[in-house]
>>> print(open('protein.cif').read())   # mmCIF, N, CA and C atoms and all ligand atoms
data_start
#
loop_
_atom_site.label_atom_id
_atom_site.label_comp_id
_atom_site.auth_asym_id
_atom_site.auth_seq_id
_atom_site.Cartn_x
_atom_site.Cartn_y
_atom_site.Cartn_z
N MET O 779 137.02 195.04 84.17
CA MET O 779 137.53 193.86 84.88
C MET O 779 138.74 193.30 84.14
N SER O 780 139.61 192.66 84.86
CA SER O 780 140.84 192.14 84.26
C SER O 780 140.54 190.95 83.35
N ASP O 781 141.49 190.62 82.50
CA ASP O 781 141.30 189.49 81.58
C ASP O 781 141.09 188.19 82.34
N THR O 782 141.83 188.03 83.43
CA THR O 782 141.70 186.82 84.24
C THR O 782 140.30 186.73 84.83
N ALA O 783 139.84 187.84 85.38
CA ALA O 783 138.50 187.86 85.97
C ALA O 783 137.45 187.58 84.90
N ARG O 784 137.64 188.20 83.74
CA ARG O 784 136.67 188.02 82.67
C ARG O 784 136.63 186.56 82.21
N SER O 785 137.78 185.95 82.06
CA SER O 785 137.75 184.57 81.56
C SER O 785 137.19 183.63 82.63
N PHE O 786 137.47 183.94 83.91
CA PHE O 786 136.88 183.15 85.00
C PHE O 786 135.35 183.26 84.96
N PHE O 787 134.88 184.48 84.80
CA PHE O 787 133.44 184.74 84.75
C PHE O 787 132.79 184.01 83.58
N TYR O 788 133.41 184.08 82.40
CA TYR O 788 132.86 183.42 81.22
C TYR O 788 132.85 181.91 81.38
N GLN O 789 133.98 181.41 81.89
CA GLN O 789 134.13 179.96 82.03
C GLN O 789 133.14 179.38 83.03
N ARG O 790 133.08 179.99 84.22
CA ARG O 790 132.15 179.51 85.25
C ARG O 790 130.70 179.58 84.77
N SER O 791 130.36 180.66 84.10
CA SER O 791 129.00 180.83 83.60
C SER O 791 128.68 179.72 82.61
N LYS O 792 129.61 179.49 81.69
CA LYS O 792 129.42 178.49 80.66
C LYS O 792 129.25 177.10 81.28
N GLU O 793 130.15 176.76 82.19
CA GLU O 793 130.10 175.45 82.85
C GLU O 793 128.77 175.21 83.54
N ASN O 794 128.17 176.29 84.01
CA ASN O 794 126.94 176.15 84.78
C ASN O 794 125.69 176.55 84.00
N GLY O 795 125.86 176.69 82.70
CA GLY O 795 124.73 176.98 81.83
C GLY O 795 124.10 178.34 82.11
N LEU O 796 124.91 179.26 82.59
CA LEU O 796 124.40 180.59 82.91
C LEU O 796 124.69 181.51 81.73
N ARG O 797 123.64 182.10 81.18
CA ARG O 797 123.81 182.98 80.04
C ARG O 797 124.52 184.27 80.48
N ILE O 798 125.42 184.73 79.63
CA ILE O 798 126.12 185.99 79.94
C ILE O 798 125.26 187.14 79.45
N THR O 799 124.74 187.91 80.36
CA THR O 799 123.92 189.06 79.97
C THR O 799 124.65 190.32 80.44
N PRO O 800 124.33 191.46 79.83
CA PRO O 800 124.97 192.71 80.27
C PRO O 800 124.73 192.97 81.76
N GLN O 801 123.55 192.61 82.24
CA GLN O 801 123.23 192.83 83.66
C GLN O 801 124.11 191.96 84.56
N ARG O 802 124.21 190.68 84.21
CA ARG O 802 125.04 189.79 85.04
C ARG O 802 126.49 190.24 85.02
N THR O 803 126.96 190.64 83.83
CA THR O 803 128.34 191.11 83.73
C THR O 803 128.54 192.33 84.62
N ALA O 804 127.59 193.25 84.59
CA ALA O 804 127.70 194.47 85.39
C ALA O 804 127.69 194.15 86.88
N ILE O 805 126.87 193.20 87.28
CA ILE O 805 126.79 192.82 88.70
C ILE O 805 128.11 192.20 89.14
N TYR O 806 128.65 191.34 88.30
CA TYR O 806 129.92 190.70 88.66
C TYR O 806 131.04 191.74 88.75
N GLU O 807 131.01 192.66 87.80
CA GLU O 807 132.03 193.72 87.77
C GLU O 807 131.97 194.57 89.04
N GLU O 808 130.76 194.91 89.43
CA GLU O 808 130.56 195.73 90.62
C GLU O 808 131.02 194.98 91.87
N LEU O 809 130.71 193.70 91.91
CA LEU O 809 131.10 192.86 93.04
C LEU O 809 132.62 192.78 93.16
N LEU O 810 133.27 192.60 92.02
CA LEU O 810 134.74 192.48 92.02
C LEU O 810 135.41 193.74 92.54
N LYS O 811 134.81 194.87 92.24
CA LYS O 811 135.37 196.15 92.65
C LYS O 811 135.26 196.36 94.16
N ALA O 812 134.26 195.70 94.76
CA ALA O 812 133.95 195.95 96.16
C ALA O 812 134.99 195.35 97.08
N LYS O 813 135.46 196.15 98.01
CA LYS O 813 136.44 195.64 98.96
C LYS O 813 135.80 195.53 100.36
N ASP O 814 134.51 195.79 100.42
CA ASP O 814 133.85 195.92 101.73
C ASP O 814 132.89 194.78 102.06
N HIS O 815 132.95 193.66 101.30
CA HIS O 815 132.03 192.56 101.54
C HIS O 815 130.60 193.07 101.56
N PRO O 816 130.13 193.57 100.41
CA PRO O 816 128.84 194.25 100.35
C PRO O 816 127.64 193.32 100.47
N THR O 817 126.51 193.87 100.87
CA THR O 817 125.24 193.15 100.83
C THR O 817 124.67 193.30 99.43
N ALA O 818 123.61 192.54 99.13
CA ALA O 818 122.94 192.67 97.84
C ALA O 818 122.43 194.11 97.67
N ASP O 819 121.98 194.69 98.77
CA ASP O 819 121.48 196.06 98.73
C ASP O 819 122.59 197.06 98.36
N ASP O 820 123.78 196.85 98.92
CA ASP O 820 124.91 197.72 98.58
C ASP O 820 125.19 197.66 97.07
N ILE O 821 125.25 196.44 96.56
CA ILE O 821 125.54 196.26 95.13
C ILE O 821 124.43 196.89 94.29
N TYR O 822 123.20 196.67 94.72
CA TYR O 822 122.07 197.25 93.99
C TYR O 822 122.19 198.77 93.92
N ARG O 823 122.48 199.38 95.06
CA ARG O 823 122.56 200.85 95.08
C ARG O 823 123.70 201.38 94.22
N ARG O 824 124.78 200.63 94.10
CA ARG O 824 125.89 201.07 93.25
C ARG O 824 125.56 200.90 91.78
N ILE O 825 124.87 199.79 91.48
CA ILE O 825 124.66 199.44 90.08
C ILE O 825 123.50 200.20 89.44
N VAL O 826 122.54 200.56 90.26
CA VAL O 826 121.35 201.24 89.74
C VAL O 826 121.72 202.62 89.17
N LYS O 827 122.85 203.13 89.57
CA LYS O 827 123.33 204.41 89.01
C LYS O 827 123.74 204.23 87.56
N LYS O 828 124.20 203.03 87.23
CA LYS O 828 124.64 202.77 85.85
C LYS O 828 123.55 202.12 85.02
N ILE O 829 122.77 201.26 85.66
CA ILE O 829 121.67 200.57 84.96
C ILE O 829 120.37 200.90 85.71
N PRO O 830 119.77 202.04 85.40
CA PRO O 830 118.64 202.51 86.20
C PRO O 830 117.44 201.56 86.23
N ASN O 831 117.29 200.72 85.20
CA ASN O 831 116.08 199.88 85.19
C ASN O 831 116.29 198.50 85.81
N ILE O 832 117.43 198.27 86.42
CA ILE O 832 117.69 196.97 87.06
C ILE O 832 116.89 196.90 88.36
N SER O 833 116.39 195.72 88.70
CA SER O 833 115.61 195.62 89.95
C SER O 833 116.47 195.00 91.05
N PHE O 834 116.09 195.30 92.28
CA PHE O 834 116.80 194.70 93.42
C PHE O 834 116.73 193.19 93.34
N ASP O 835 115.56 192.70 92.93
CA ASP O 835 115.35 191.26 92.85
C ASP O 835 116.36 190.59 91.90
N THR O 836 116.60 191.23 90.78
CA THR O 836 117.57 190.70 89.81
C THR O 836 118.96 190.64 90.43
N VAL O 837 119.34 191.72 91.10
CA VAL O 837 120.66 191.77 91.72
C VAL O 837 120.77 190.68 92.78
N ASN O 838 119.75 190.59 93.62
CA ASN O 838 119.74 189.62 94.71
C ASN O 838 119.82 188.19 94.17
N ARG O 839 118.99 187.89 93.19
CA ARG O 839 118.97 186.53 92.64
C ARG O 839 120.29 186.19 91.95
N THR O 840 120.84 187.18 91.23
CA THR O 840 122.10 186.95 90.53
C THR O 840 123.23 186.66 91.52
N LEU O 841 123.26 187.41 92.61
CA LEU O 841 124.32 187.17 93.60
C LEU O 841 124.18 185.80 94.24
N LEU O 842 122.94 185.39 94.49
CA LEU O 842 122.72 184.04 95.05
C LEU O 842 123.19 182.98 94.07
N THR O 843 122.89 183.19 92.78
CA THR O 843 123.35 182.25 91.76
C THR O 843 124.87 182.23 91.70
N PHE O 844 125.49 183.40 91.70
CA PHE O 844 126.95 183.48 91.68
C PHE O 844 127.55 182.67 92.84
N SER O 845 126.92 182.78 94.00
CA SER O 845 127.50 182.09 95.15
C SER O 845 127.27 180.58 95.03
N LYS O 846 126.16 180.19 94.44
CA LYS O 846 125.88 178.77 94.26
C LYS O 846 126.91 178.12 93.33
N ILE O 847 127.35 178.85 92.32
CA ILE O 847 128.28 178.26 91.36
C ILE O 847 129.73 178.65 91.65
N GLY O 848 129.96 179.15 92.85
CA GLY O 848 131.34 179.38 93.29
C GLY O 848 132.03 180.60 92.71
N MET O 849 131.26 181.56 92.24
CA MET O 849 131.88 182.78 91.72
C MET O 849 132.08 183.83 92.80
N THR O 850 131.38 183.66 93.89
CA THR O 850 131.57 184.54 95.03
C THR O 850 131.32 183.71 96.27
N LYS O 851 131.84 184.19 97.38
CA LYS O 851 131.55 183.51 98.64
C LYS O 851 130.56 184.34 99.43
N VAL O 852 129.86 183.67 100.33
CA VAL O 852 128.99 184.39 101.24
C VAL O 852 129.68 184.40 102.59
N VAL O 853 129.77 185.58 103.17
CA VAL O 853 130.36 185.69 104.49
C VAL O 853 129.28 185.25 105.49
N GLU O 854 129.68 184.51 106.49
CA GLU O 854 128.74 184.03 107.50
C GLU O 854 127.83 185.18 107.95
N GLY O 855 126.54 184.82 108.13
CA GLY O 855 125.52 185.85 108.27
C GLY O 855 125.41 186.66 109.55
N TYR O 856 125.64 186.12 110.69
CA TYR O 856 125.43 186.81 111.97
C TYR O 856 124.02 187.39 112.08
N GLY O 857 123.06 186.70 111.47
CA GLY O 857 121.67 187.14 111.56
C GLY O 857 121.33 188.39 110.77
N GLN O 858 122.34 188.94 110.08
CA GLN O 858 122.05 190.12 109.26
C GLN O 858 122.00 189.74 107.79
N ALA O 859 121.86 190.74 106.93
CA ALA O 859 121.81 190.47 105.50
C ALA O 859 123.10 189.78 105.07
N LYS O 860 122.97 188.87 104.12
CA LYS O 860 124.13 188.16 103.58
C LYS O 860 125.13 189.17 103.02
N ARG O 861 126.39 188.91 103.25
CA ARG O 861 127.41 189.76 102.66
C ARG O 861 128.27 188.93 101.74
N TYR O 862 128.58 189.50 100.59
CA TYR O 862 129.28 188.76 99.56
C TYR O 862 130.76 189.11 99.52
N ASP O 863 131.53 188.09 99.18
CA ASP O 863 132.98 188.25 99.12
C ASP O 863 133.46 187.81 97.74
N PRO O 864 133.91 188.76 96.92
CA PRO O 864 134.35 188.39 95.58
C PRO O 864 135.67 187.61 95.59
N ASP O 865 136.40 187.69 96.69
CA ASP O 865 137.68 187.00 96.77
C ASP O 865 137.45 185.56 97.21
N ILE O 866 137.52 184.63 96.25
CA ILE O 866 137.22 183.25 96.58
C ILE O 866 138.48 182.48 96.98
N GLY O 867 139.61 183.17 97.00
CA GLY O 867 140.85 182.54 97.44
C GLY O 867 140.89 182.44 98.96
N ILE O 868 141.90 181.72 99.47
CA ILE O 868 142.00 181.56 100.92
C ILE O 868 142.43 182.88 101.55
N HIS O 869 141.62 183.36 102.45
CA HIS O 869 141.99 184.53 103.25
C HIS O 869 141.13 184.54 104.50
N HIS O 870 141.44 185.44 105.41
CA HIS O 870 140.75 185.47 106.70
C HIS O 870 140.13 186.84 106.92
N HIS O 871 139.30 186.93 107.94
CA HIS O 871 138.55 188.17 108.16
C HIS O 871 138.75 188.74 109.55
N PHE O 872 138.87 190.03 109.59
CA PHE O 872 138.70 190.74 110.85
C PHE O 872 137.36 191.45 110.76
N ARG O 873 136.50 191.24 111.76
CA ARG O 873 135.18 191.86 111.72
C ARG O 873 135.03 192.81 112.89
N CYS O 874 134.66 194.04 112.57
CA CYS O 874 134.46 195.03 113.63
C CYS O 874 133.08 194.84 114.24
N ILE O 875 133.05 194.66 115.55
CA ILE O 875 131.77 194.39 116.21
C ILE O 875 130.95 195.66 116.38
N ARG O 876 131.57 196.81 116.13
CA ARG O 876 130.80 198.05 116.26
C ARG O 876 130.21 198.50 114.93
N CYS O 877 131.05 198.64 113.90
CA CYS O 877 130.54 199.17 112.63
C CYS O 877 130.28 198.08 111.59
N GLY O 878 130.67 196.85 111.89
CA GLY O 878 130.37 195.75 110.97
C GLY O 878 131.32 195.63 109.79
N ARG O 879 132.36 196.47 109.77
CA ARG O 879 133.32 196.36 108.67
C ARG O 879 133.99 195.00 108.70
N ILE O 880 134.22 194.42 107.52
CA ILE O 880 134.93 193.15 107.43
C ILE O 880 136.18 193.39 106.60
N ILE O 881 137.32 193.16 107.21
CA ILE O 881 138.59 193.45 106.55
C ILE O 881 139.31 192.12 106.27
N ASP O 882 139.80 191.98 105.05
CA ASP O 882 140.52 190.77 104.65
C ASP O 882 141.94 190.80 105.17
N PHE O 883 142.45 189.66 105.55
CA PHE O 883 143.88 189.56 105.76
C PHE O 883 144.38 188.17 105.42
N LEU O 884 145.68 188.10 105.16
CA LEU O 884 146.30 186.83 104.80
C LEU O 884 147.18 186.39 105.95
N ASN O 885 147.20 185.09 106.21
CA ASN O 885 148.10 184.57 107.22
C ASN O 885 148.35 183.09 106.97
N LYS O 886 149.59 182.79 106.70
CA LYS O 886 149.97 181.43 106.32
C LYS O 886 149.67 180.43 107.45
N ASP O 887 149.94 180.82 108.69
CA ASP O 887 149.69 179.91 109.82
C ASP O 887 148.20 179.56 109.91
N TYR O 888 147.35 180.55 109.71
CA TYR O 888 145.91 180.29 109.76
C TYR O 888 145.47 179.39 108.61
N ASP O 889 146.09 179.58 107.43
CA ASP O 889 145.75 178.72 106.29
C ASP O 889 145.99 177.26 106.63
N ASP O 890 147.07 177.03 107.39
CA ASP O 890 147.49 175.65 107.68
C ASP O 890 146.91 175.09 108.96
N ILE O 891 146.00 175.81 109.56
CA ILE O 891 145.42 175.39 110.83
C ILE O 891 144.81 173.98 110.72
N ALA O 892 145.02 173.15 111.75
CA ALA O 892 144.55 171.76 111.68
C ALA O 892 143.08 171.66 112.08
N VAL O 893 142.37 170.78 111.43
CA VAL O 893 140.97 170.53 111.78
C VAL O 893 140.94 169.59 113.00
N PRO O 894 140.22 169.94 114.06
CA PRO O 894 140.16 169.05 115.23
C PRO O 894 139.64 167.67 114.84
N LYS O 895 140.22 166.64 115.47
CA LYS O 895 139.88 165.26 115.11
C LYS O 895 138.39 164.96 115.18
N GLU O 896 137.73 165.43 116.27
CA GLU O 896 136.32 165.10 116.43
C GLU O 896 135.46 165.74 115.34
N ILE O 897 135.91 166.88 114.82
CA ILE O 897 135.19 167.52 113.72
C ILE O 897 135.42 166.72 112.44
N ASP O 898 136.66 166.38 112.23
CA ASP O 898 137.04 165.64 111.04
C ASP O 898 136.32 164.29 110.95
N ARG O 899 136.11 163.66 112.11
CA ARG O 899 135.43 162.36 112.14
C ARG O 899 133.97 162.49 111.74
N GLN O 900 133.33 163.56 112.22
CA GLN O 900 131.89 163.69 112.03
C GLN O 900 131.49 164.38 110.73
N PHE O 901 132.34 165.30 110.28
CA PHE O 901 131.95 166.16 109.16
C PHE O 901 133.00 166.13 108.06
N THR O 902 132.58 166.64 106.90
CA THR O 902 133.53 166.85 105.82
C THR O 902 133.83 168.35 105.75
N VAL O 903 135.04 168.69 106.06
CA VAL O 903 135.40 170.11 106.03
C VAL O 903 135.86 170.48 104.62
N THR O 904 135.23 171.49 104.06
CA THR O 904 135.59 171.90 102.70
C THR O 904 136.33 173.23 102.67
N SER O 905 136.24 173.99 103.72
CA SER O 905 137.04 175.21 103.76
C SER O 905 137.25 175.65 105.20
N LYS O 906 138.29 176.42 105.40
CA LYS O 906 138.61 176.89 106.75
C LYS O 906 138.84 178.39 106.67
N LYS O 907 138.34 179.09 107.65
CA LYS O 907 138.57 180.52 107.68
C LYS O 907 138.61 180.97 109.12
N VAL O 908 139.56 181.82 109.43
CA VAL O 908 139.65 182.36 110.78
C VAL O 908 138.97 183.73 110.78
N VAL O 909 138.08 183.94 111.73
CA VAL O 909 137.44 185.25 111.87
C VAL O 909 137.85 185.84 113.21
N LEU O 910 138.49 186.97 113.15
CA LEU O 910 138.84 187.68 114.37
C LEU O 910 137.84 188.82 114.53
N GLU O 911 137.43 189.07 115.75
CA GLU O 911 136.48 190.15 115.98
C GLU O 911 137.04 191.15 116.97
N GLY O 912 136.61 192.36 116.85
CA GLY O 912 137.07 193.40 117.77
C GLY O 912 136.70 194.75 117.24
N LEU O 913 137.48 195.76 117.56
CA LEU O 913 137.20 197.10 117.09
C LEU O 913 138.19 197.48 116.00
N CYS O 914 137.66 198.03 114.91
CA CYS O 914 138.54 198.47 113.82
C CYS O 914 139.23 199.77 114.22
N GLY O 915 140.17 200.19 113.40
CA GLY O 915 140.95 201.39 113.71
C GLY O 915 140.09 202.62 113.98
N LYS O 916 139.05 202.78 113.15
CA LYS O 916 138.17 203.94 113.30
C LYS O 916 137.38 203.88 114.61
N CYS O 917 136.84 202.70 114.90
CA CYS O 917 135.98 202.56 116.08
C CYS O 917 136.77 202.60 117.38
N LYS O 918 138.03 202.20 117.30
CA LYS O 918 138.88 202.20 118.48
C LYS O 918 139.08 203.61 119.03
N LYS O 919 139.07 204.56 118.08
CA LYS O 919 139.33 205.96 118.45
C LYS O 919 138.14 206.61 119.14
N VAL O 920 136.93 206.10 118.87
CA VAL O 920 135.72 206.74 119.40
C VAL O 920 135.54 206.46 120.89
ZN ZN M 1001 134.55 199.65 113.21
ZN ZN M 1002 136.97 188.49 102.44
#
>>> encode(input="protein.cif", output="structure tokens", more="lines below")
Ligand SMILES: [Zn+2]
Ligand SMILES: [Zn+2]
Amino acid sequence: MSDTARSFFYQRSKENGLRITPQRTAIYEELLKAKDHPTADDIYRRIVKKIPNISFDTVNRTLLTFSKIGMTKVVEGYGQAKRYDPDIGIHHHFRCIRCGRIIDFLNKDYDDIAVPKEIDRQFTVTSKKVVLEGLCGKCKKV
């Protein structure tokens, strides 16, 4: 992992009283590498190859903790398993309705999108994200 990622990981962990363990470091590292918005199961299957004695429960709990302290985001569920997003910066998603792939994209206009007045009056908006749905390049061909 890069120096920036490492110092972010150390700092956030410290601020939240989370001990840095080799397992947690490995889970964070694996998450950072993922570009596919993986589920806890995806991360578990990747990591168990390197740390054979790690349990799914540890991976699952660690990811939930990471999301609670803002080290990862959770992509909205759609009734399926939670999917994690290591990119906590502002970005948007294209989601394929056939294969479930979630692809990141950046768009300045979407970043600046205005919150509707009636929403703003009733709720406190803490983040905005545009999700576009449709068929990805692979699925379009089928
Ligand atoms: Zn697709
Ligand atoms: Zn994303």
>>> atom_distance(input="protein.cif", atom1="CA of Leu809 in chain O", atom2="CA of Phe872 in chain O")
19.5 Å
>>> closest_residue(input="protein.cif", among="O:Ile847, O:Met779, O:Ile880, O:Gly857", to="Ser791 in chain O", atoms="all atoms listed in the file")
O:Ile847
>>> atom_distance(input="protein.cif", atom1="CA of Asp890 in chain O", atom2="CA of Ser785 in chain O")
29.3 Å
>>> select_by_dssp(input="protein.cif", residues="range 779-919 of chain O", states="strand (DSSP E)", output="JSON, numbers by chain")
{"O": [851, 852, 853, 861, 862, 863, 870, 871, 872, 873, 874, 880, 881, 882, 883, 909, 910, 911, 912]}
>>> write_last_selection(input="protein.cif", atoms="N, CA and C atoms", output="short mmCIF file (atom, residue, chain, number, x, y, z; two decimals), keeping the file's coordinate frame")
data_model
loop_
_atom_site.label_atom_id
_atom_site.label_comp_id
_atom_site.auth_asym_id
_atom_site.auth_seq_id
_atom_site.Cartn_x
_atom_site.Cartn_y
_atom_site.Cartn_z
N LYS O 851 131.84 184.19 97.38
CA LYS O 851 131.55 183.51 98.64
C LYS O 851 130.56 184.34 99.43
N VAL O 852 129.86 183.67 100.33
CA VAL O 852 128.99 184.39 101.24
C VAL O 852 129.68 184.40 102.59
N VAL O 853 129.77 185.58 103.17
CA VAL O 853 130.36 185.69 104.49
C VAL O 853 129.28 185.25 105.49
N ARG O 861 126.39 188.91 103.25
CA ARG O 861 127.41 189.76 102.66
C ARG O 861 128.27 188.93 101.74
N TYR O 862 128.58 189.50 100.59
CA TYR O 862 129.28 188.76 99.56
C TYR O 862 130.76 189.11 99.52
N ASP O 863 131.53 188.09 99.18
CA ASP O 863 132.98 188.25 99.12
C ASP O 863 133.46 187.81 97.74
N HIS O 870 141.44 185.44 105.41
CA HIS O 870 140.75 185.47 106.70
C HIS O 870 140.13 186.84 106.92
N HIS O 871 139.30 186.93 107.94
CA HIS O 871 138.55 188.17 108.16
C HIS O 871 138.75 188.74 109.55
N PHE O 872 138.87 190.03 109.59
CA PHE O 872 138.70 190.74 110.85
C PHE O 872 137.36 191.45 110.76
N ARG O 873 136.50 191.24 111.76
CA ARG O 873 135.18 191.86 111.72
C ARG O 873 135.03 192.81 112.89
N CYS O 874 134.66 194.04 112.57
CA CYS O 874 134.46 195.03 113.63
C CYS O 874 133.08 194.84 114.24
N ILE O 880 134.22 194.42 107.52
CA ILE O 880 134.93 193.15 107.43
C ILE O 880 136.18 193.39 106.60
N ILE O 881 137.32 193.16 107.21
CA ILE O 881 138.59 193.45 106.55
C ILE O 881 139.31 192.12 106.27
N ASP O 882 139.80 191.98 105.05
CA ASP O 882 140.52 190.77 104.65
C ASP O 882 141.94 190.80 105.17
N PHE O 883 142.45 189.66 105.55
CA PHE O 883 143.88 189.56 105.76
C PHE O 883 144.38 188.17 105.42
N VAL O 909 138.08 183.94 111.73
CA VAL O 909 137.44 185.25 111.87
C VAL O 909 137.85 185.84 113.21
N LEU O 910 138.49 186.97 113.15
CA LEU O 910 138.84 187.68 114.37
C LEU O 910 137.84 188.82 114.53
N GLU O 911 137.43 189.07 115.75
CA GLU O 911 136.48 190.15 115.98
C GLU O 911 137.04 191.15 116.97
N GLY O 912 136.61 192.36 116.85
CA GLY O 912 137.07 193.40 117.77
C GLY O 912 136.70 194.75 117.24
#
>>> residues_near_ligand(input="protein.cif", ligand="ligand ZN 1002 (chain M)", cutoff="6 Å", atoms="only N, CA and C atoms and all ligand atoms", output="list of chain:residue names")
O:Asp863, O:Asp865, O:His870, O:His871, O:Ile881, O:Asp882
>>> decode(input="protein.cif", residues="range 824-839 of chain O", atoms="N, CA and C atoms", output="PDB file, in the first residue's frame")
ATOM      1  N   ARG O 824     -10.160 -13.744  -1.239  1.00  0.00           N
ATOM      2  CA  ARG O 824      -8.851 -13.277  -1.709  1.00  0.00           C
ATOM      3  C   ARG O 824      -7.799 -13.388  -0.614  1.00  0.00           C
ATOM      4  N   ILE O 825      -8.227 -13.079   0.615  1.00  0.00           N
ATOM      5  CA  ILE O 825      -7.260 -12.967   1.700  1.00  0.00           C
ATOM      6  C   ILE O 825      -6.886 -14.326   2.303  1.00  0.00           C
ATOM      7  N   VAL O 826      -7.813 -15.251   2.223  1.00  0.00           N
ATOM      8  CA  VAL O 826      -7.579 -16.570   2.830  1.00  0.00           C
ATOM      9  C   VAL O 826      -6.439 -17.302   2.102  1.00  0.00           C
ATOM     10  N   LYS O 827      -6.148 -16.879   0.897  1.00  0.00           N
ATOM     11  CA  LYS O 827      -5.015 -17.464   0.163  1.00  0.00           C
ATOM     12  C   LYS O 827      -3.693 -17.047   0.801  1.00  0.00           C
ATOM     13  N   LYS O 828      -3.690 -15.865   1.411  1.00  0.00           N
ATOM     14  CA  LYS O 828      -2.460 -15.368   2.036  1.00  0.00           C
ATOM     15  C   LYS O 828      -2.416 -15.665   3.521  1.00  0.00           C
ATOM     16  N   ILE O 829      -3.591 -15.595   4.157  1.00  0.00           N
ATOM     17  CA  ILE O 829      -3.678 -15.867   5.599  1.00  0.00           C
ATOM     18  C   ILE O 829      -4.694 -17.001   5.788  1.00  0.00           C
ATOM     19  N   PRO O 830      -4.228 -18.238   5.652  1.00  0.00           N
ATOM     20  CA  PRO O 830      -5.168 -19.372   5.625  1.00  0.00           C
ATOM     21  C   PRO O 830      -6.016 -19.528   6.890  1.00  0.00           C
ATOM     22  N   ASN O 831      -5.519 -19.025   8.034  1.00  0.00           N
ATOM     23  CA  ASN O 831      -6.292 -19.270   9.263  1.00  0.00           C
ATOM     24  C   ASN O 831      -7.256 -18.127   9.609  1.00  0.00           C
ATOM     25  N   ILE O 832      -7.412 -17.169   8.726  1.00  0.00           N
ATOM     26  CA  ILE O 832      -8.337 -16.058   8.994  1.00  0.00           C
ATOM     27  C   ILE O 832      -9.772 -16.567   8.811  1.00  0.00           C
ATOM     28  N   SER O 833     -10.694 -16.061   9.624  1.00  0.00           N
ATOM     29  CA  SER O 833     -12.081 -16.532   9.483  1.00  0.00           C
ATOM     30  C   SER O 833     -12.913 -15.494   8.734  1.00  0.00           C
ATOM     31  N   PHE O 834     -13.987 -15.974   8.127  1.00  0.00           N
ATOM     32  CA  PHE O 834     -14.895 -15.054   7.432  1.00  0.00           C
ATOM     33  C   PHE O 834     -15.419 -14.014   8.408  1.00  0.00           C
ATOM     34  N   ASP O 835     -15.715 -14.477   9.626  1.00  0.00           N
ATOM     35  CA  ASP O 835     -16.266 -13.586  10.637  1.00  0.00           C
ATOM     36  C   ASP O 835     -15.325 -12.411  10.930  1.00  0.00           C
ATOM     37  N   THR O 836     -14.042 -12.694  11.015  1.00  0.00           N
ATOM     38  CA  THR O 836     -13.055 -11.640  11.266  1.00  0.00           C
ATOM     39  C   THR O 836     -13.063 -10.630  10.130  1.00  0.00           C
ATOM     40  N   VAL O 837     -13.073 -11.137   8.902  1.00  0.00           N
ATOM     41  CA  VAL O 837     -13.068 -10.257   7.738  1.00  0.00           C
ATOM     42  C   VAL O 837     -14.332  -9.399   7.741  1.00  0.00           C
ATOM     43  N   ASN O 838     -15.461 -10.045   7.953  1.00  0.00           N
ATOM     44  CA  ASN O 838     -16.747  -9.355   7.947  1.00  0.00           C
ATOM     45  C   ASN O 838     -16.802  -8.274   9.026  1.00  0.00           C
ATOM     46  N   ARG O 839     -16.414  -8.637  10.237  1.00  0.00           N
ATOM     47  CA  ARG O 839     -16.462  -7.672  11.343  1.00  0.00           C
ATOM     48  C   ARG O 839     -15.499  -6.518  11.112  1.00  0.00           C
TER      49      ARG O 839
END
